[in-house]
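Text of run.cif (mmCIF, C-alpha atoms; chains and numbers go by the auth columns) as supplied:
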data_upload
loop_
_atom_site.group_PDB
_atom_site.id
_atom_site.type_symbol
_atom_site.label_atom_id
_atom_site.label_comp_id
_atom_site.label_asym_id
_atom_site.label_seq_id
_atom_site.Cartn_x
_atom_site.Cartn_y
_atom_site.Cartn_z
_atom_site.B_iso_or_equiv
_atom_site.auth_seq_id
_atom_site.auth_asym_id
ATOM 1 C CA MET A 1 86.189 104.486 113.072 0.00 87 Y
ATOM 2 C CA PHE A 2 89.792 103.313 112.706 0.00 88 Y
ATOM 3 C CA GLY A 3 89.509 99.546 112.797 0.00 89 Y
ATOM 4 C CA ILE A 4 92.497 97.325 112.229 0.00 90 Y
ATOM 5 C CA ILE A 5 90.993 96.077 108.971 0.00 91 Y
ATOM 6 C CA ASN A 6 90.722 99.607 107.559 0.00 92 Y
ATOM 7 C CA ILE A 7 94.263 100.481 108.620 0.00 93 Y
ATOM 8 C CA VAL A 8 95.734 97.364 106.994 0.00 94 Y
ATOM 9 C CA LYS A 9 93.664 97.974 103.846 0.00 95 Y
ATOM 10 C CA TYR A 10 95.005 101.540 103.661 0.00 96 Y
ATOM 11 C CA LEU A 11 98.614 100.400 104.154 0.00 97 Y
ATOM 12 C CA THR A 12 98.073 97.725 101.486 0.00 98 Y
ATOM 13 C CA PHE A 13 96.836 100.387 99.080 0.00 99 Y
ATOM 14 C CA ILE A 14 100.013 102.412 99.739 0.00 100 Y
ATOM 15 C CA SER A 15 102.036 99.286 99.043 0.00 101 Y
ATOM 16 C CA TYR A 16 100.237 98.721 95.733 0.00 102 Y
ATOM 17 C CA VAL A 17 101.045 102.284 94.693 0.00 103 Y
ATOM 18 C CA GLY A 18 104.677 101.685 95.665 0.00 104 Y
ATOM 19 C CA LEU A 19 104.826 98.485 93.636 0.00 105 Y
ATOM 20 C CA PHE A 20 103.387 100.360 90.652 0.00 106 Y
ATOM 21 C CA ILE A 21 106.052 103.071 91.042 0.00 107 Y
ATOM 22 C CA SER A 22 108.723 100.369 91.294 0.00 108 Y
ATOM 23 C CA SER A 23 107.571 98.839 88.019 0.00 109 Y
ATOM 24 C CA ILE A 24 107.831 102.237 86.333 0.00 110 Y
ATOM 25 C CA SER A 25 111.352 102.658 87.741 0.00 111 Y
ATOM 26 C CA GLY A 26 112.139 99.217 86.314 0.00 112 Y
ATOM 27 C CA PHE A 27 111.066 100.417 82.862 0.00 113 Y
ATOM 28 C CA ILE A 28 113.317 103.458 83.268 0.00 114 Y
ATOM 29 C CA ASP A 29 116.219 101.269 84.380 0.00 115 Y
ATOM 30 C CA VAL A 30 115.797 98.983 81.369 0.00 116 Y
ATOM 31 C CA SER A 31 115.650 101.905 78.949 0.00 117 Y
ATOM 32 C CA ASN A 32 118.710 103.700 80.378 0.00 118 Y
ATOM 33 C CA ASN A 33 121.049 100.762 80.890 0.00 119 Y
ATOM 34 C CA ASP A 34 121.732 97.733 78.735 0.00 120 Y
ATOM 35 C CA PHE A 35 118.641 95.694 77.927 0.00 121 Y
ATOM 36 C CA ASP A 36 117.601 93.113 80.533 0.00 122 Y
ATOM 37 C CA LEU A 37 114.633 90.988 79.511 0.00 123 Y
ATOM 38 C CA CYS A 38 114.035 89.725 83.060 0.00 124 Y
ATOM 39 C CA LYS A 39 113.638 93.246 84.481 0.00 125 Y
ATOM 40 C CA LEU A 40 111.401 94.193 81.581 0.00 126 Y
ATOM 41 C CA MET A 41 109.105 91.192 82.053 0.00 127 Y
ATOM 42 C CA ILE A 42 108.855 91.697 85.821 0.00 128 Y
ATOM 43 C CA SER A 43 108.089 95.388 85.334 0.00 129 Y
ATOM 44 C CA LEU A 44 105.471 94.570 82.711 0.00 130 Y
ATOM 45 C CA LEU A 45 103.892 91.887 84.895 0.00 131 Y
ATOM 46 C CA VAL A 46 103.620 94.174 87.913 0.00 132 Y
ATOM 47 C CA PHE A 47 102.508 97.147 85.783 0.00 133 Y
ATOM 48 C CA ILE A 48 99.616 95.141 84.322 0.00 134 Y
ATOM 49 C CA ASN A 49 98.580 93.201 87.434 0.00 135 Y
ATOM 50 C CA ILE A 50 98.456 95.984 90.042 0.00 136 Y
ATOM 51 C CA PRO A 51 95.525 97.878 88.423 0.00 137 Y
ATOM 52 C CA ILE A 52 93.660 94.580 87.970 0.00 138 Y
ATOM 53 C CA VAL A 53 94.221 93.633 91.614 0.00 139 Y
ATOM 54 C CA LEU A 54 93.069 97.074 92.771 0.00 140 Y
ATOM 55 C CA PHE A 55 89.924 96.825 90.660 0.00 141 Y
ATOM 56 C CA VAL A 56 89.055 93.370 91.982 0.00 142 Y
ATOM 57 C CA GLU A 57 89.815 94.343 95.564 0.00 143 Y
ATOM 58 C CA TYR A 58 87.680 97.455 95.625 0.00 144 Y
ATOM 59 C CA SER A 59 84.810 96.068 93.571 0.00 145 Y
ATOM 60 C CA ASN A 60 84.355 93.173 96.014 0.00 146 Y
ATOM 61 C CA LYS A 61 81.982 94.197 98.802 0.00 147 Y
ATOM 62 C CA ASP A 62 81.240 90.724 100.169 0.00 148 Y
ATOM 63 C CA VAL A 63 82.123 90.644 103.870 0.00 149 Y
ATOM 64 C CA ASP A 64 81.103 87.029 104.443 0.00 150 Y
ATOM 65 C CA VAL A 65 84.363 85.701 103.010 0.00 151 Y
ATOM 66 C CA GLU A 66 86.625 88.252 104.669 0.00 152 Y
ATOM 67 C CA PRO A 67 89.392 85.804 105.738 0.00 153 Y
ATOM 68 C CA VAL A 68 89.655 84.591 102.138 0.00 154 Y
ATOM 69 C CA ILE A 69 90.044 88.198 101.004 0.00 155 Y
ATOM 70 C CA HIS A 70 92.888 88.697 103.501 0.00 156 Y
ATOM 71 C CA TYR A 71 94.606 85.478 102.395 0.00 157 Y
ATOM 72 C CA SER A 72 94.340 86.368 98.698 0.00 158 Y
ATOM 73 C CA ARG A 73 95.565 89.900 99.370 0.00 159 Y
ATOM 74 C CA SER A 74 98.515 88.477 101.304 0.00 160 Y
ATOM 75 C CA TYR A 75 99.367 85.979 98.551 0.00 161 Y
ATOM 76 C CA CYS A 76 99.242 88.581 95.785 0.00 162 Y
ATOM 77 C CA GLN A 77 101.226 91.044 97.869 0.00 163 Y
ATOM 78 C CA ILE A 78 104.037 88.597 98.695 0.00 164 Y
ATOM 79 C CA ILE A 79 104.426 87.489 95.069 0.00 165 Y
ATOM 80 C CA MET A 80 104.517 91.033 93.684 0.00 166 Y
ATOM 81 C CA SER A 81 106.830 92.245 96.454 0.00 167 Y
ATOM 82 C CA LEU A 82 109.358 89.469 95.952 0.00 168 Y
ATOM 83 C CA LEU A 83 109.377 90.143 92.218 0.00 169 Y
ATOM 84 C CA VAL A 84 109.862 93.882 92.664 0.00 170 Y
ATOM 85 C CA ILE A 85 112.805 93.522 95.061 0.00 171 Y
ATOM 86 C CA GLY A 86 115.098 92.651 92.143 0.00 172 Y
ATOM 87 C CA ILE A 87 114.126 95.482 89.815 0.00 173 Y
ATOM 88 C CA SER A 88 115.734 98.651 91.190 0.00 174 Y
ATOM 89 C CA PRO A 89 116.785 100.354 94.439 0.00 175 Y
ATOM 90 C CA ILE A 90 113.301 101.840 94.697 0.00 176 Y
ATOM 91 C CA GLY A 91 111.924 98.333 94.342 0.00 177 Y
ATOM 92 C CA ILE A 92 114.008 97.098 97.266 0.00 178 Y
ATOM 93 C CA GLY A 93 112.351 99.538 99.648 0.00 179 Y
ATOM 94 C CA PHE A 94 108.817 98.994 98.411 0.00 180 Y
ATOM 95 C CA GLY A 95 109.414 95.252 98.156 0.00 181 Y
ATOM 96 C CA ILE A 96 110.437 94.933 101.798 0.00 182 Y
ATOM 97 C CA TYR A 97 107.493 97.135 102.802 0.00 183 Y
ATOM 98 C CA GLY A 98 105.204 94.909 100.730 0.00 184 Y
ATOM 99 C CA VAL A 99 106.523 91.750 102.407 0.00 185 Y
ATOM 100 C CA LEU A 100 105.778 93.264 105.829 0.00 186 Y
ATOM 101 C CA ILE A 101 102.275 94.263 104.731 0.00 187 Y
ATOM 102 C CA SER A 102 101.770 90.775 103.321 0.00 188 Y
ATOM 103 C CA VAL A 103 102.607 89.254 106.699 0.00 189 Y
ATOM 104 C CA SER A 104 100.199 91.669 108.392 0.00 190 Y
ATOM 105 C CA ASN A 105 97.434 90.676 105.942 0.00 191 Y
ATOM 106 C CA LEU A 106 98.167 87.021 106.634 0.00 192 Y
ATOM 107 C CA MET A 107 97.961 87.574 110.384 0.00 193 Y
ATOM 108 C CA LEU A 108 94.751 89.535 109.922 0.00 194 Y
ATOM 109 C CA GLY A 109 93.279 86.600 108.029 0.00 195 Y
ATOM 110 C CA ILE A 110 94.343 84.131 110.700 0.00 196 Y
ATOM 111 C CA PHE A 111 93.388 86.182 113.749 0.00 197 Y
ATOM 112 C CA ASN A 112 90.358 87.992 112.388 0.00 198 Y
ATOM 113 C CA CYS A 113 88.494 88.753 115.598 0.00 199 Y
ATOM 114 C CA THR A 114 85.622 90.797 114.257 0.00 200 Y
ATOM 115 C CA ASP A 115 82.248 90.281 115.808 0.00 201 Y
ATOM 116 C CA ILE A 116 80.166 87.541 114.295 0.00 202 Y
ATOM 117 C CA LEU A 117 76.970 88.815 112.791 0.00 203 Y
ATOM 118 C CA GLU A 118 74.323 88.134 115.343 0.00 204 Y
ATOM 119 C CA HIS A 119 70.896 87.210 114.145 0.00 205 Y
ATOM 120 C CA PRO A 120 68.163 88.035 116.618 0.00 206 Y
ATOM 121 C CA VAL A 121 66.239 85.042 117.836 0.00 207 Y
ATOM 122 C CA ILE A 122 62.692 85.302 116.657 0.00 208 Y
ATOM 123 C CA PRO A 123 60.347 83.395 118.931 0.00 209 Y
ATOM 124 C CA VAL A 124 58.306 80.811 117.130 0.00 210 Y
ATOM 125 C CA GLN A 125 54.754 80.372 118.240 0.00 211 Y
ATOM 126 C CA VAL A 126 53.648 76.771 118.350 0.00 212 Y
ATOM 127 C CA GLN A 127 49.961 76.243 117.682 0.00 213 Y
#
In structure tokens, what does this structure look like?
Amino acid sequence: MFGIINIVKYLTFISYVGLFISSISGFIDVSNNDFDLCKLMISLLVFINIPIVLFVEYSNKDVDVEPVIHYSRSYCQIIMSLLVIGISPIGIGFGIYGVLISVSNLMLGIFNCTDILEHPVIPVQVQ
């Protein structure tokens, strides 16, 4: 019911929502203070990429390449989290949380100990 893969996927989803909120806070920070093109571009990049990543992640139902999914999730998470750390104080919290979730996704990809699909042996009759 509560497998480690489902728990990490749920925590990753929370991290994606946090990164999205951090990008919105970056837009607010740019609009209130003096203009900073770097913060604006990072906020725009995260704001556009998070919905695309969520769509790709939840539309993929292929379980045969599960370690690759964990590695790609970890890579995307670490890049977005490191970018968001520099946006705002909200981004620092969600960025550190995202780095921790990225490491957990990486470890899940390395040490994925799910049962291998067993195919029943069908006896072959020799004539």
Exercise for the section: Go through Y:Glu152, Y:Asp115, Y:Glu143, Y:Asp122 one by one, measure the shortest atom-to-atom distance of each to Ile91 in chain Y using all atoms listed in the file, and give the residue with the smallest value. Expected result: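 Smallest distance to Ile91 in chain Y is found for Y:Glu152.
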Exercise for the section: For the file shown, report as a VMD selection string the outcome of the PyMOL selection byres ((chain Y and resi 92-97) around 12) at residue level. Expected result: chain Y and resid 87 to 91 98 to 104 140 143 to 144 155 to 156 159 to 160 163 180 183 to 195
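Going from CA of Phe113 in chain Y to CA of Ser129 in chain Y covers 6.3 Å.
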Practice task
Just give me the gap between CA of Ile173 in chain Y and CA of Leu123 in chain Y in Å, one decimal is fine.
Solution key: 11.3 Å
Handout entry: Counting only C-alpha atoms, the residue of Y:Leu131, Y:Ile138, Y:Ile114, Y:Ser167 that sits nearest Gly179 in chain Y
Key =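 Residue with the minimum atom-to-atom distance to Gly179 in chain Y: Y:Ser167.
Across Y:Asn135, Y:Ser111, Y:Asn146, Y:Asn118, the tightest approach to Ile165 in chain Y is made by Y:Asn135 when counting all atoms listed in the file.
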Problem - Counting all atoms listed in the file, the residue of Y:Cys162, Y:Val142, Y:Ile134, Y:Leu105 that sits nearest Ser174 in chain Y - result: Y:Leu105
Write out N, CA and C atoms for range 138-172 of chain Y, as a PDB file, keeping the file's coordinate frame.
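Now in result-v1.pdb:
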ATOM      1  N   ILE Y 138      94.678  95.636  87.943  1.00  0.00           N
ATOM      2  CA  ILE Y 138      93.660  94.580  87.970  1.00  0.00           C
ATOM      3  C   ILE Y 138      93.367  94.158  89.413  1.00  0.00           C
ATOM      4  N   VAL Y 139      94.404  94.010  90.211  1.00  0.00           N
ATOM      5  CA  VAL Y 139      94.221  93.633  91.614  1.00  0.00           C
ATOM      6  C   VAL Y 139      93.455  94.716  92.367  1.00  0.00           C
ATOM      7  N   LEU Y 140      93.789  95.982  92.118  1.00  0.00           N
ATOM      8  CA  LEU Y 140      93.069  97.074  92.771  1.00  0.00           C
ATOM      9  C   LEU Y 140      91.603  97.102  92.370  1.00  0.00           C
ATOM     10  N   PHE Y 141      91.316  96.856  91.106  1.00  0.00           N
ATOM     11  CA  PHE Y 141      89.924  96.825  90.660  1.00  0.00           C
ATOM     12  C   PHE Y 141      89.150  95.695  91.324  1.00  0.00           C
ATOM     13  N   VAL Y 142      89.737  94.514  91.371  1.00  0.00           N
ATOM     14  CA  VAL Y 142      89.055  93.370  91.982  1.00  0.00           C
ATOM     15  C   VAL Y 142      88.877  93.587  93.483  1.00  0.00           C
ATOM     16  N   GLU Y 143      89.887  94.155  94.120  1.00  0.00           N
ATOM     17  CA  GLU Y 143      89.815  94.343  95.564  1.00  0.00           C
ATOM     18  C   GLU Y 143      88.738  95.345  95.960  1.00  0.00           C
ATOM     19  N   TYR Y 144      88.635  96.423  95.238  1.00  0.00           N
ATOM     20  CA  TYR Y 144      87.680  97.455  95.625  1.00  0.00           C
ATOM     21  C   TYR Y 144      86.310  97.279  95.003  1.00  0.00           C
ATOM     22  N   SER Y 145      86.153  96.354  94.078  1.00  0.00           N
ATOM     23  CA  SER Y 145      84.810  96.068  93.571  1.00  0.00           C
ATOM     24  C   SER Y 145      84.139  94.966  94.381  1.00  0.00           C
ATOM     25  N   ASN Y 146      84.909  94.241  95.189  1.00  0.00           N
ATOM     26  CA  ASN Y 146      84.355  93.173  96.014  1.00  0.00           C
ATOM     27  C   ASN Y 146      83.855  93.764  97.328  1.00  0.00           C
ATOM     28  N   LYS Y 147      82.566  93.671  97.566  1.00  0.00           N
ATOM     29  CA  LYS Y 147      81.982  94.197  98.802  1.00  0.00           C
ATOM     30  C   LYS Y 147      81.419  93.093  99.679  1.00  0.00           C
ATOM     31  N   ASP Y 148      81.751  91.849  99.413  1.00  0.00           N
ATOM     32  CA  ASP Y 148      81.240  90.724 100.169  1.00  0.00           C
ATOM     33  C   ASP Y 148      82.056  90.564 101.451  1.00  0.00           C
ATOM     34  N   VAL Y 149      81.410  90.738 102.605  1.00  0.00           N
ATOM     35  CA  VAL Y 149      82.123  90.644 103.870  1.00  0.00           C
ATOM     36  C   VAL Y 149      82.003  89.266 104.497  1.00  0.00           C
ATOM     37  N   ASP Y 150      81.249  88.371 103.880  1.00  0.00           N
ATOM     38  CA  ASP Y 150      81.103  87.029 104.443  1.00  0.00           C
ATOM     39  C   ASP Y 150      82.359  86.189 104.284  1.00  0.00           C
ATOM     40  N   VAL Y 151      83.147  86.471 103.265  1.00  0.00           N
ATOM     41  CA  VAL Y 151      84.363  85.701 103.010  1.00  0.00           C
ATOM     42  C   VAL Y 151      85.603  86.548 103.296  1.00  0.00           C
ATOM     43  N   GLU Y 152      85.553  87.322 104.369  1.00  0.00           N
ATOM     44  CA  GLU Y 152      86.625  88.252 104.669  1.00  0.00           C
ATOM     45  C   GLU Y 152      87.981  87.585 104.913  1.00  0.00           C
ATOM     46  N   PRO Y 153      88.064  86.445 105.614  1.00  0.00           N
ATOM     47  CA  PRO Y 153      89.392  85.804 105.738  1.00  0.00           C
ATOM     48  C   PRO Y 153      89.979  85.389 104.395  1.00  0.00           C
ATOM     49  N   VAL Y 154      89.159  84.958 103.462  1.00  0.00           N
ATOM     50  CA  VAL Y 154      89.655  84.591 102.138  1.00  0.00           C
ATOM     51  C   VAL Y 154      90.203  85.821 101.417  1.00  0.00           C
ATOM     52  N   ILE Y 155      89.556  86.958 101.607  1.00  0.00           N
ATOM     53  CA  ILE Y 155      90.044  88.198 101.004  1.00  0.00           C
ATOM     54  C   ILE Y 155      91.416  88.551 101.574  1.00  0.00           C
ATOM     55  N   HIS Y 156      91.589  88.400 102.883  1.00  0.00           N
ATOM     56  CA  HIS Y 156      92.888  88.697 103.501  1.00  0.00           C
ATOM     57  C   HIS Y 156      93.966  87.735 103.014  1.00  0.00           C
ATOM     58  N   TYR Y 157      93.631  86.457 102.885  1.00  0.00           N
ATOM     59  CA  TYR Y 157      94.606  85.478 102.395  1.00  0.00           C
ATOM     60  C   TYR Y 157      95.004  85.768 100.943  1.00  0.00           C
ATOM     61  N   SER Y 158      94.023  86.083 100.104  1.00  0.00           N
ATOM     62  CA  SER Y 158      94.340  86.368  98.698  1.00  0.00           C
ATOM     63  C   SER Y 158      95.132  87.657  98.567  1.00  0.00           C
ATOM     64  N   ARG Y 159      94.802  88.648  99.378  1.00  0.00           N
ATOM     65  CA  ARG Y 159      95.565  89.900  99.370  1.00  0.00           C
ATOM     66  C   ARG Y 159      96.999  89.644  99.812  1.00  0.00           C
ATOM     67  N   SER Y 160      97.180  88.803 100.814  1.00  0.00           N
ATOM     68  CA  SER Y 160      98.515  88.477 101.304  1.00  0.00           C
ATOM     69  C   SER Y 160      99.321  87.722 100.249  1.00  0.00           C
ATOM     70  N   TYR Y 161      98.682  86.766  99.581  1.00  0.00           N
ATOM     71  CA  TYR Y 161      99.367  85.979  98.551  1.00  0.00           C
ATOM     72  C   TYR Y 161      99.815  86.869  97.385  1.00  0.00           C
ATOM     73  N   CYS Y 162      98.912  87.686  96.904  1.00  0.00           N
ATOM     74  CA  CYS Y 162      99.242  88.581  95.785  1.00  0.00           C
ATOM     75  C   CYS Y 162     100.346  89.557  96.189  1.00  0.00           C
ATOM     76  N   GLN Y 163     100.251  90.066  97.392  1.00  0.00           N
ATOM     77  CA  GLN Y 163     101.226  91.044  97.869  1.00  0.00           C
ATOM     78  C   GLN Y 163     102.619  90.427  97.993  1.00  0.00           C
ATOM     79  N   ILE Y 164     102.718  89.212  98.513  1.00  0.00           N
ATOM     80  CA  ILE Y 164     104.037  88.597  98.695  1.00  0.00           C
ATOM     81  C   ILE Y 164     104.677  88.266  97.344  1.00  0.00           C
ATOM     82  N   ILE Y 165     103.879  87.813  96.392  1.00  0.00           N
ATOM     83  CA  ILE Y 165     104.426  87.489  95.069  1.00  0.00           C
ATOM     84  C   ILE Y 165     104.939  88.748  94.374  1.00  0.00           C
ATOM     85  N   MET Y 166     104.107  89.787  94.354  1.00  0.00           N
ATOM     86  CA  MET Y 166     104.517  91.033  93.684  1.00  0.00           C
ATOM     87  C   MET Y 166     105.712  91.671  94.388  1.00  0.00           C
ATOM     88  N   SER Y 167     105.731  91.619  95.717  1.00  0.00           N
ATOM     89  CA  SER Y 167     106.830  92.245  96.454  1.00  0.00           C
ATOM     90  C   SER Y 167     108.152  91.522  96.217  1.00  0.00           C
ATOM     91  N   LEU Y 168     108.120  90.207  96.198  1.00  0.00           N
ATOM     92  CA  LEU Y 168     109.358  89.469  95.952  1.00  0.00           C
ATOM     93  C   LEU Y 168     109.865  89.675  94.526  1.00  0.00           C
ATOM     94  N   LEU Y 169     108.950  89.850  93.586  1.00  0.00           N
ATOM     95  CA  LEU Y 169     109.377  90.143  92.218  1.00  0.00           C
ATOM     96  C   LEU Y 169     110.006  91.529  92.111  1.00  0.00           C
ATOM     97  N   VAL Y 170     109.427  92.494  92.795  1.00  0.00           N
ATOM     98  CA  VAL Y 170     109.862  93.882  92.664  1.00  0.00           C
ATOM     99  C   VAL Y 170     111.197  94.132  93.358  1.00  0.00           C
ATOM    100  N   ILE Y 171     111.546  93.308  94.336  1.00  0.00           N
ATOM    101  CA  ILE Y 171     112.805  93.522  95.061  1.00  0.00           C
ATOM    102  C   ILE Y 171     114.000  93.526  94.104  1.00  0.00           C
ATOM    103  N   GLY Y 172     113.957  92.746  93.039  1.00  0.00           N
ATOM    104  CA  GLY Y 172     115.098  92.651  92.143  1.00  0.00           C
ATOM    105  C   GLY Y 172     115.131  93.656  91.018  1.00  0.00           C
TER     106      GLY Y 172
END
